[in-house]
file target.cif (mmCIF, N, CA and C atoms)
data_coords
loop_
_atom_site.label_atom_id
_atom_site.label_comp_id
_atom_site.auth_asym_id
_atom_site.auth_seq_id
_atom_site.Cartn_x
_atom_site.Cartn_y
_atom_site.Cartn_z
N MET Z 1 44.01 33.38 -14.23
CA MET Z 1 42.92 34.33 -14.06
C MET Z 1 42.81 34.72 -12.60
N GLU Z 2 42.62 36.00 -12.35
CA GLU Z 2 42.46 36.50 -10.99
C GLU Z 2 41.04 36.18 -10.50
N HIS Z 3 40.98 35.48 -9.39
CA HIS Z 3 39.68 35.15 -8.81
C HIS Z 3 39.26 36.28 -7.89
N SER Z 4 38.05 36.70 -8.04
CA SER Z 4 37.61 37.84 -7.23
C SER Z 4 36.33 37.50 -6.46
N ILE Z 5 36.52 36.80 -5.36
CA ILE Z 5 35.42 36.48 -4.46
C ILE Z 5 35.53 37.40 -3.27
N GLU Z 6 34.53 38.25 -3.10
CA GLU Z 6 34.55 39.25 -2.04
C GLU Z 6 33.37 39.04 -1.10
N PHE Z 7 33.57 39.40 0.16
CA PHE Z 7 32.55 39.26 1.19
C PHE Z 7 32.20 40.65 1.74
N PHE Z 8 30.89 40.91 1.87
CA PHE Z 8 30.39 42.20 2.33
C PHE Z 8 29.28 41.99 3.35
N THR Z 9 28.95 43.07 4.09
CA THR Z 9 27.81 43.01 4.99
C THR Z 9 26.86 44.16 4.69
N GLN Z 10 25.60 43.92 4.97
CA GLN Z 10 24.57 44.94 4.83
C GLN Z 10 23.84 45.01 6.17
N ASP Z 11 24.24 45.93 7.01
CA ASP Z 11 23.59 46.16 8.31
C ASP Z 11 23.70 44.99 9.29
N VAL Z 12 24.63 44.10 9.09
CA VAL Z 12 24.92 43.04 10.07
C VAL Z 12 26.43 42.96 10.21
N GLY Z 13 26.90 42.37 11.30
CA GLY Z 13 28.34 42.21 11.48
C GLY Z 13 28.88 41.13 10.54
N MET Z 14 30.16 41.20 10.27
CA MET Z 14 30.80 40.16 9.46
C MET Z 14 30.83 38.87 10.28
N PRO Z 15 30.27 37.79 9.74
CA PRO Z 15 30.24 36.54 10.50
C PRO Z 15 31.63 35.95 10.70
N ALA Z 16 31.77 35.17 11.77
CA ALA Z 16 33.03 34.48 12.04
C ALA Z 16 33.14 33.31 11.07
N LEU Z 17 34.06 33.42 10.14
CA LEU Z 17 34.24 32.41 9.11
C LEU Z 17 35.66 32.51 8.59
N ASN Z 18 36.25 31.38 8.23
CA ASN Z 18 37.58 31.40 7.64
C ASN Z 18 37.41 31.74 6.15
N PHE Z 19 37.43 33.03 5.85
CA PHE Z 19 37.13 33.49 4.49
C PHE Z 19 38.15 33.00 3.47
N ASP Z 20 39.42 32.90 3.86
CA ASP Z 20 40.43 32.40 2.91
C ASP Z 20 40.15 30.94 2.56
N LEU Z 21 39.78 30.14 3.55
CA LEU Z 21 39.46 28.73 3.30
C LEU Z 21 38.21 28.60 2.43
N VAL Z 22 37.18 29.37 2.73
CA VAL Z 22 35.96 29.34 1.93
C VAL Z 22 36.26 29.78 0.50
N ARG Z 23 37.01 30.86 0.35
CA ARG Z 23 37.37 31.37 -0.98
C ARG Z 23 38.14 30.30 -1.77
N GLY Z 24 39.10 29.65 -1.12
CA GLY Z 24 39.88 28.60 -1.79
C GLY Z 24 39.02 27.42 -2.20
N THR Z 25 38.10 27.03 -1.33
CA THR Z 25 37.20 25.91 -1.63
C THR Z 25 36.29 26.26 -2.79
N LEU Z 26 35.77 27.48 -2.80
CA LEU Z 26 34.90 27.90 -3.92
C LEU Z 26 35.67 27.92 -5.23
N ASN Z 27 36.89 28.41 -5.20
CA ASN Z 27 37.71 28.41 -6.41
C ASN Z 27 37.94 26.99 -6.91
N SER Z 28 38.22 26.06 -5.99
CA SER Z 28 38.41 24.65 -6.37
C SER Z 28 37.12 24.06 -6.94
N LEU Z 29 36.00 24.36 -6.32
CA LEU Z 29 34.70 23.89 -6.78
C LEU Z 29 34.44 24.36 -8.21
N VAL Z 30 34.65 25.63 -8.46
CA VAL Z 30 34.41 26.21 -9.78
C VAL Z 30 35.34 25.58 -10.82
N GLU Z 31 36.62 25.49 -10.50
CA GLU Z 31 37.60 24.92 -11.43
C GLU Z 31 37.33 23.44 -11.69
N HIS Z 32 36.91 22.70 -10.65
CA HIS Z 32 36.57 21.28 -10.79
C HIS Z 32 35.47 21.08 -11.83
N HIS Z 33 34.56 22.03 -11.92
CA HIS Z 33 33.46 21.93 -12.88
C HIS Z 33 33.81 22.52 -14.24
N GLY Z 34 35.08 22.89 -14.42
CA GLY Z 34 35.54 23.37 -15.72
C GLY Z 34 35.21 24.83 -16.01
N PHE Z 35 34.98 25.60 -14.96
CA PHE Z 35 34.66 27.01 -15.12
C PHE Z 35 35.77 27.86 -14.54
N GLY Z 36 35.80 29.12 -14.92
CA GLY Z 36 36.64 30.10 -14.28
C GLY Z 36 35.76 30.94 -13.37
N CYS Z 37 36.39 31.64 -12.45
CA CYS Z 37 35.63 32.45 -11.50
C CYS Z 37 35.85 33.93 -11.79
N GLY Z 38 34.77 34.59 -12.19
CA GLY Z 38 34.79 36.04 -12.37
C GLY Z 38 34.37 36.70 -11.07
N PRO Z 39 33.91 37.94 -11.14
CA PRO Z 39 33.50 38.64 -9.92
C PRO Z 39 32.34 37.92 -9.21
N LEU Z 40 32.53 37.66 -7.94
CA LEU Z 40 31.53 37.00 -7.13
C LEU Z 40 31.45 37.72 -5.79
N SER Z 41 30.27 38.25 -5.47
CA SER Z 41 30.06 38.97 -4.21
C SER Z 41 29.15 38.15 -3.32
N VAL Z 42 29.56 38.01 -2.06
CA VAL Z 42 28.74 37.36 -1.05
C VAL Z 42 28.38 38.46 -0.05
N VAL Z 43 27.07 38.75 0.05
CA VAL Z 43 26.59 39.84 0.88
C VAL Z 43 25.79 39.26 2.04
N PHE Z 44 26.26 39.49 3.25
CA PHE Z 44 25.58 39.02 4.45
C PHE Z 44 24.60 40.10 4.92
N CYS Z 45 23.37 39.70 5.21
CA CYS Z 45 22.34 40.65 5.60
C CYS Z 45 21.40 40.00 6.60
N ASP Z 46 20.34 40.71 6.98
CA ASP Z 46 19.35 40.14 7.90
C ASP Z 46 18.10 39.71 7.13
N ASN Z 47 17.15 39.13 7.84
CA ASN Z 47 15.92 38.62 7.21
C ASN Z 47 15.14 39.71 6.49
N SER Z 48 14.99 40.87 7.12
CA SER Z 48 14.17 41.92 6.52
C SER Z 48 14.79 42.44 5.23
N TYR Z 49 16.11 42.59 5.19
CA TYR Z 49 16.78 43.06 3.98
C TYR Z 49 16.60 42.04 2.85
N LEU Z 50 16.79 40.75 3.17
CA LEU Z 50 16.67 39.73 2.13
C LEU Z 50 15.22 39.61 1.66
N LEU Z 51 14.27 39.80 2.54
CA LEU Z 51 12.87 39.78 2.14
C LEU Z 51 12.59 40.90 1.13
N LYS Z 52 13.14 42.09 1.38
CA LYS Z 52 12.97 43.21 0.45
C LYS Z 52 13.58 42.89 -0.91
N VAL Z 53 14.76 42.27 -0.92
CA VAL Z 53 15.39 41.87 -2.18
C VAL Z 53 14.50 40.86 -2.90
N ASN Z 54 13.97 39.91 -2.14
CA ASN Z 54 13.11 38.86 -2.71
C ASN Z 54 11.84 39.48 -3.32
N GLN Z 55 11.26 40.44 -2.63
CA GLN Z 55 10.05 41.10 -3.12
C GLN Z 55 10.34 41.98 -4.33
N GLN Z 56 11.40 42.76 -4.25
CA GLN Z 56 11.69 43.73 -5.29
C GLN Z 56 12.15 43.09 -6.59
N PHE Z 57 13.03 42.10 -6.51
CA PHE Z 57 13.64 41.57 -7.72
C PHE Z 57 13.02 40.27 -8.21
N LEU Z 58 12.41 39.49 -7.31
CA LEU Z 58 11.87 38.19 -7.71
C LEU Z 58 10.35 38.11 -7.55
N ASP Z 59 9.76 39.17 -7.03
CA ASP Z 59 8.32 39.21 -6.79
C ASP Z 59 7.86 38.05 -5.91
N HIS Z 60 8.72 37.67 -4.95
CA HIS Z 60 8.39 36.63 -3.97
C HIS Z 60 8.20 37.31 -2.62
N ASP Z 61 7.19 36.91 -1.88
CA ASP Z 61 6.90 37.53 -0.60
C ASP Z 61 7.11 36.53 0.53
N TYR Z 62 8.34 36.04 0.66
CA TYR Z 62 8.66 35.11 1.74
C TYR Z 62 10.13 35.21 2.10
N TYR Z 63 10.44 34.73 3.32
CA TYR Z 63 11.81 34.72 3.81
C TYR Z 63 12.55 33.53 3.23
N THR Z 64 13.84 33.69 3.07
CA THR Z 64 14.71 32.62 2.58
C THR Z 64 16.10 32.83 3.15
N ASP Z 65 16.97 31.85 2.98
CA ASP Z 65 18.33 32.02 3.50
C ASP Z 65 19.30 32.60 2.47
N ILE Z 66 18.99 32.40 1.17
CA ILE Z 66 19.89 32.89 0.13
C ILE Z 66 19.12 33.23 -1.14
N ILE Z 67 19.58 34.28 -1.79
CA ILE Z 67 19.12 34.62 -3.14
C ILE Z 67 20.37 34.78 -3.98
N THR Z 68 20.37 34.12 -5.12
CA THR Z 68 21.52 34.13 -6.02
C THR Z 68 21.16 34.86 -7.31
N PHE Z 69 21.94 35.87 -7.65
CA PHE Z 69 21.80 36.57 -8.93
C PHE Z 69 22.96 36.12 -9.80
N ASN Z 70 22.63 35.56 -10.94
CA ASN Z 70 23.61 34.94 -11.83
C ASN Z 70 23.96 35.88 -12.98
N TYR Z 71 25.23 36.26 -13.08
CA TYR Z 71 25.72 37.10 -14.18
C TYR Z 71 26.75 36.34 -15.01
N SER Z 72 26.75 35.03 -14.92
CA SER Z 72 27.75 34.20 -15.58
C SER Z 72 27.63 34.31 -17.10
N SER Z 73 28.76 34.08 -17.76
CA SER Z 73 28.77 34.03 -19.22
C SER Z 73 29.76 32.97 -19.67
N LYS Z 74 29.36 32.22 -20.65
CA LYS Z 74 30.18 31.13 -21.18
C LYS Z 74 30.71 30.26 -20.06
N ARG Z 75 32.01 30.21 -19.87
CA ARG Z 75 32.61 29.33 -18.86
C ARG Z 75 33.14 30.11 -17.66
N ILE Z 76 32.64 31.32 -17.45
CA ILE Z 76 33.05 32.15 -16.31
C ILE Z 76 31.82 32.39 -15.43
N ILE Z 77 31.91 31.95 -14.17
CA ILE Z 77 30.78 32.22 -13.28
C ILE Z 77 30.98 33.58 -12.62
N SER Z 78 29.87 34.24 -12.40
CA SER Z 78 29.87 35.55 -11.78
C SER Z 78 28.48 35.77 -11.19
N GLY Z 79 28.42 36.44 -10.05
CA GLY Z 79 27.12 36.70 -9.47
C GLY Z 79 27.20 37.34 -8.11
N ASP Z 80 26.01 37.58 -7.56
CA ASP Z 80 25.86 38.11 -6.22
C ASP Z 80 25.05 37.11 -5.41
N LEU Z 81 25.57 36.78 -4.24
CA LEU Z 81 24.87 35.91 -3.30
C LEU Z 81 24.47 36.76 -2.11
N PHE Z 82 23.17 36.90 -1.87
CA PHE Z 82 22.66 37.60 -0.70
C PHE Z 82 22.23 36.56 0.31
N ILE Z 83 22.81 36.61 1.50
CA ILE Z 83 22.58 35.57 2.51
C ILE Z 83 22.11 36.20 3.82
N SER Z 84 20.97 35.72 4.31
CA SER Z 84 20.47 36.16 5.61
C SER Z 84 21.17 35.35 6.70
N THR Z 85 22.05 36.00 7.45
CA THR Z 85 22.74 35.30 8.54
C THR Z 85 21.75 34.95 9.65
N GLU Z 86 20.67 35.72 9.77
CA GLU Z 86 19.61 35.39 10.74
C GLU Z 86 18.99 34.03 10.42
N MET Z 87 18.62 33.85 9.15
CA MET Z 87 17.98 32.60 8.72
C MET Z 87 18.97 31.45 8.81
N VAL Z 88 20.23 31.69 8.46
CA VAL Z 88 21.26 30.64 8.55
C VAL Z 88 21.41 30.20 10.00
N LYS Z 89 21.41 31.16 10.92
CA LYS Z 89 21.52 30.83 12.35
C LYS Z 89 20.34 29.98 12.80
N GLU Z 90 19.13 30.36 12.40
CA GLU Z 90 17.93 29.59 12.74
C GLU Z 90 18.02 28.17 12.18
N ASN Z 91 18.45 28.05 10.92
CA ASN Z 91 18.57 26.72 10.29
C ASN Z 91 19.64 25.88 10.97
N ALA Z 92 20.75 26.51 11.34
CA ALA Z 92 21.83 25.77 12.03
C ALA Z 92 21.30 25.18 13.33
N GLU Z 93 20.55 25.98 14.07
CA GLU Z 93 19.98 25.49 15.34
C GLU Z 93 18.96 24.37 15.07
N ARG Z 94 18.12 24.55 14.06
CA ARG Z 94 17.08 23.56 13.75
C ARG Z 94 17.70 22.22 13.33
N PHE Z 95 18.78 22.27 12.56
CA PHE Z 95 19.39 21.04 12.05
C PHE Z 95 20.54 20.53 12.91
N GLY Z 96 20.85 21.24 14.00
CA GLY Z 96 21.92 20.83 14.89
C GLY Z 96 23.31 20.98 14.31
N ASN Z 97 23.48 22.01 13.48
CA ASN Z 97 24.78 22.27 12.85
C ASN Z 97 25.44 23.50 13.48
N LEU Z 98 26.74 23.58 13.33
CA LEU Z 98 27.45 24.79 13.71
C LEU Z 98 27.05 25.90 12.74
N PHE Z 99 26.98 27.13 13.24
CA PHE Z 99 26.64 28.27 12.38
C PHE Z 99 27.61 28.37 11.21
N SER Z 100 28.91 28.26 11.49
CA SER Z 100 29.92 28.41 10.42
C SER Z 100 29.76 27.33 9.35
N SER Z 101 29.40 26.13 9.75
CA SER Z 101 29.19 25.04 8.80
C SER Z 101 27.95 25.30 7.94
N GLU Z 102 26.87 25.72 8.58
CA GLU Z 102 25.63 26.01 7.85
C GLU Z 102 25.84 27.19 6.90
N LEU Z 103 26.57 28.19 7.33
CA LEU Z 103 26.85 29.35 6.48
C LEU Z 103 27.69 28.93 5.28
N SER Z 104 28.70 28.11 5.50
CA SER Z 104 29.52 27.62 4.40
C SER Z 104 28.69 26.81 3.41
N ARG Z 105 27.77 25.98 3.94
CA ARG Z 105 26.88 25.19 3.07
C ARG Z 105 26.04 26.11 2.17
N VAL Z 106 25.50 27.16 2.75
CA VAL Z 106 24.65 28.07 1.98
C VAL Z 106 25.46 28.80 0.91
N ILE Z 107 26.67 29.19 1.22
CA ILE Z 107 27.54 29.84 0.23
C ILE Z 107 27.83 28.86 -0.91
N ILE Z 108 28.19 27.62 -0.58
CA ILE Z 108 28.43 26.60 -1.60
C ILE Z 108 27.18 26.39 -2.44
N HIS Z 109 26.02 26.35 -1.78
CA HIS Z 109 24.73 26.17 -2.47
C HIS Z 109 24.55 27.25 -3.55
N GLY Z 110 24.84 28.50 -3.19
CA GLY Z 110 24.71 29.60 -4.15
C GLY Z 110 25.64 29.44 -5.33
N VAL Z 111 26.87 29.03 -5.07
CA VAL Z 111 27.84 28.84 -6.17
C VAL Z 111 27.41 27.66 -7.05
N LEU Z 112 26.85 26.62 -6.44
CA LEU Z 112 26.34 25.49 -7.25
C LEU Z 112 25.24 25.96 -8.19
N HIS Z 113 24.39 26.88 -7.74
CA HIS Z 113 23.37 27.44 -8.63
C HIS Z 113 24.05 28.14 -9.81
N LEU Z 114 25.11 28.90 -9.54
CA LEU Z 114 25.82 29.59 -10.62
C LEU Z 114 26.42 28.59 -11.62
N LEU Z 115 26.75 27.40 -11.13
CA LEU Z 115 27.32 26.36 -11.99
C LEU Z 115 26.26 25.56 -12.74
N GLY Z 116 24.99 25.87 -12.49
CA GLY Z 116 23.92 25.21 -13.23
C GLY Z 116 23.12 24.18 -12.46
N TYR Z 117 23.47 23.96 -11.20
CA TYR Z 117 22.69 23.03 -10.38
C TYR Z 117 21.36 23.67 -10.01
N ASP Z 118 20.35 22.83 -9.88
CA ASP Z 118 19.02 23.31 -9.53
C ASP Z 118 18.50 22.53 -8.34
N ASP Z 119 17.44 23.01 -7.73
CA ASP Z 119 16.88 22.30 -6.58
C ASP Z 119 15.35 22.33 -6.61
N HIS Z 120 14.80 22.08 -7.79
CA HIS Z 120 13.34 22.07 -7.93
C HIS Z 120 12.74 20.67 -7.80
N SER Z 121 13.40 19.67 -8.34
CA SER Z 121 12.87 18.31 -8.24
C SER Z 121 13.60 17.55 -7.14
N GLU Z 122 13.04 16.42 -6.74
CA GLU Z 122 13.63 15.60 -5.69
C GLU Z 122 15.03 15.13 -6.09
N SER Z 123 15.20 14.74 -7.34
CA SER Z 123 16.53 14.27 -7.79
C SER Z 123 17.52 15.43 -7.85
N ASP Z 124 17.06 16.62 -8.23
CA ASP Z 124 17.94 17.80 -8.23
C ASP Z 124 18.39 18.12 -6.81
N ILE Z 125 17.46 18.06 -5.88
CA ILE Z 125 17.77 18.36 -4.48
C ILE Z 125 18.80 17.36 -3.95
N LYS Z 126 18.63 16.11 -4.30
CA LYS Z 126 19.56 15.06 -3.87
C LYS Z 126 20.97 15.32 -4.39
N GLU Z 127 21.08 15.67 -5.67
CA GLU Z 127 22.39 15.95 -6.28
C GLU Z 127 23.00 17.21 -5.68
N MET Z 128 22.17 18.22 -5.46
CA MET Z 128 22.66 19.47 -4.86
C MET Z 128 23.21 19.18 -3.46
N ARG Z 129 22.50 18.42 -2.66
CA ARG Z 129 22.93 18.07 -1.30
C ARG Z 129 24.24 17.28 -1.34
N LYS Z 130 24.34 16.36 -2.29
CA LYS Z 130 25.56 15.56 -2.44
C LYS Z 130 26.77 16.47 -2.72
N GLN Z 131 26.59 17.42 -3.61
CA GLN Z 131 27.67 18.35 -3.94
C GLN Z 131 27.99 19.26 -2.75
N GLU Z 132 26.95 19.72 -2.05
CA GLU Z 132 27.19 20.55 -0.86
C GLU Z 132 28.02 19.78 0.16
N ASP Z 133 27.62 18.54 0.44
CA ASP Z 133 28.34 17.73 1.43
C ASP Z 133 29.79 17.51 1.02
N LEU Z 134 30.00 17.22 -0.26
CA LEU Z 134 31.35 16.96 -0.78
C LEU Z 134 32.26 18.18 -0.55
N TRP Z 135 31.78 19.35 -0.94
CA TRP Z 135 32.62 20.54 -0.86
C TRP Z 135 32.68 21.12 0.55
N LEU Z 136 31.62 20.91 1.33
CA LEU Z 136 31.63 21.36 2.72
C LEU Z 136 32.67 20.59 3.53
N ALA Z 137 32.93 19.35 3.15
CA ALA Z 137 33.93 18.54 3.85
C ALA Z 137 35.32 19.19 3.79
N TYR Z 138 35.62 19.91 2.71
CA TYR Z 138 36.92 20.58 2.60
C TYR Z 138 37.04 21.71 3.64
N ILE Z 139 35.93 22.35 3.94
CA ILE Z 139 35.94 23.45 4.90
C ILE Z 139 35.87 22.93 6.33
N ASP Z 140 35.00 21.96 6.57
CA ASP Z 140 34.77 21.48 7.92
C ASP Z 140 35.92 20.65 8.50
N THR Z 141 36.85 20.20 7.65
CA THR Z 141 37.98 19.42 8.16
C THR Z 141 39.10 20.32 8.68
N TYR Z 142 38.99 21.61 8.47
CA TYR Z 142 40.05 22.54 8.93
C TYR Z 142 39.58 23.38 10.07
#

call {"tool": "encode", "arguments": {"input": "target.cif", "output": "structure tokens"}}
result
Amino acid sequence: MEHSIEFFTQDVGMPALNFDLVRGTLNSLVEHHGFGCGPLSVVFCDNSYLLKVNQQFLDHDYYTDIITFNYSSKRIISGDLFISTEMVKENAERFGNLFSSELSRVIIHGVLHLLGYDDHSESDIKEMRKQEDLWLAYIDTY
């Protein structure tokens, strides 16, 4: 199956990231969970754009680092990940992480949502973080 993970920008520059490595890691993550990868768009934007998306589509009036729209069916994941690179940069500084590492974590986080992971309860958050750390290690070692 042809994997179609594409990266786009909305009024921000394309972030410095090894897109081939991230794409390969995401494909491995998806396949490891027994899924195939359909169309997946990662859209980099700023805080104000993501706030508008949050208000318009989710009726939420707050800033966030990522919004995931899930179009998956059966065993094929598909969706749109909207990521505020502004918020990711702020979080990287707050947590003492490299921007590229924090950005990769957020992308992985979005794909984990597409795979059915949630982050509402404390145990869900713990499992989500464990999976993020596991798959982020593939990117951060290169």

call {"tool": "closest_residue", "arguments": {"input": "target.cif", "among": "Z:Leu114, Z:Ala137, Z:Leu103, Z:Cys45", "to": "Glu86 in chain Z", "atoms": "only N, CA and C atoms"}}
result
Z:Cys45

call {"tool": "atom_distance", "arguments": {"input": "target.cif", "atom1": "CA of Ser48 in chain Z", "atom2": "CA of Val88 in chain Z"}}
result
13.5 Å

call {"tool": "axis_aligned_box", "arguments": {"input": "target.cif", "around": "range 47-56 of chain Z", "padding_each_side": "4 Å", "output": "AutoDock Vina command-line options"}}
result
--center_x 13.6 --center_y 41.2 --center_z 0.6 --size_x 15.1 --size_y 13.1 --size_z 22.4

call {"tool": "residues_near_point", "arguments": {"input": "target.cif", "point": "(37.3, 39.5, -5.5)", "cutoff": "6.5 Å", "atoms": "only N, CA and C atoms", "output": "list in words"}}
result
His3, Ser4, Ile5, Glu6, Pro39 and Leu40 of chain Z

call {"tool": "write_last_selection", "arguments": {"input": "target.cif", "atoms": "N, CA and C atoms", "output": "PDB file, in the frame of the given file"}}
result
ATOM      1  N   HIS Z   3      40.980  35.480  -9.390  1.00  0.00           N
ATOM      2  CA  HIS Z   3      39.680  35.150  -8.810  1.00  0.00           C
ATOM      3  C   HIS Z   3      39.260  36.280  -7.890  1.00  0.00           C
ATOM      4  N   SER Z   4      38.050  36.700  -8.040  1.00  0.00           N
ATOM      5  CA  SER Z   4      37.610  37.840  -7.230  1.00  0.00           C
ATOM      6  C   SER Z   4      36.330  37.500  -6.460  1.00  0.00           C
ATOM      7  N   ILE Z   5      36.520  36.800  -5.360  1.00  0.00           N
ATOM      8  CA  ILE Z   5      35.420  36.480  -4.460  1.00  0.00           C
ATOM      9  C   ILE Z   5      35.530  37.400  -3.270  1.00  0.00           C
ATOM     10  N   GLU Z   6      34.530  38.250  -3.100  1.00  0.00           N
ATOM     11  CA  GLU Z   6      34.550  39.250  -2.040  1.00  0.00           C
ATOM     12  C   GLU Z   6      33.370  39.040  -1.100  1.00  0.00           C
ATOM     13  N   PRO Z  39      33.910  37.940 -11.140  1.00  0.00           N
ATOM     14  CA  PRO Z  39      33.500  38.640  -9.920  1.00  0.00           C
ATOM     15  C   PRO Z  39      32.340  37.920  -9.210  1.00  0.00           C
ATOM     16  N   LEU Z  40      32.530  37.660  -7.940  1.00  0.00           N
ATOM     17  CA  LEU Z  40      31.530  37.000  -7.130  1.00  0.00           C
ATOM     18  C   LEU Z  40      31.450  37.720  -5.790  1.00  0.00           C
TER      19      LEU Z  40
END

call {"tool": "resolve_selection", "arguments": {"input": "target.cif", "expression": "the PyMOL selection byres ((chain Z and resi 110) around 8)", "output": "MDAnalysis selection string"}}
result
chainID Z and resid 66:69 80:82 104:109 111:115

call {"tool": "closest_residue", "arguments": {"input": "target.cif", "among": "Z:Asn47, Z:Phe7, Z:Ile125, Z:Trp135", "to": "Phe19 in chain Z", "atoms": "only C-alpha atoms"}}
result
Z:Phe7
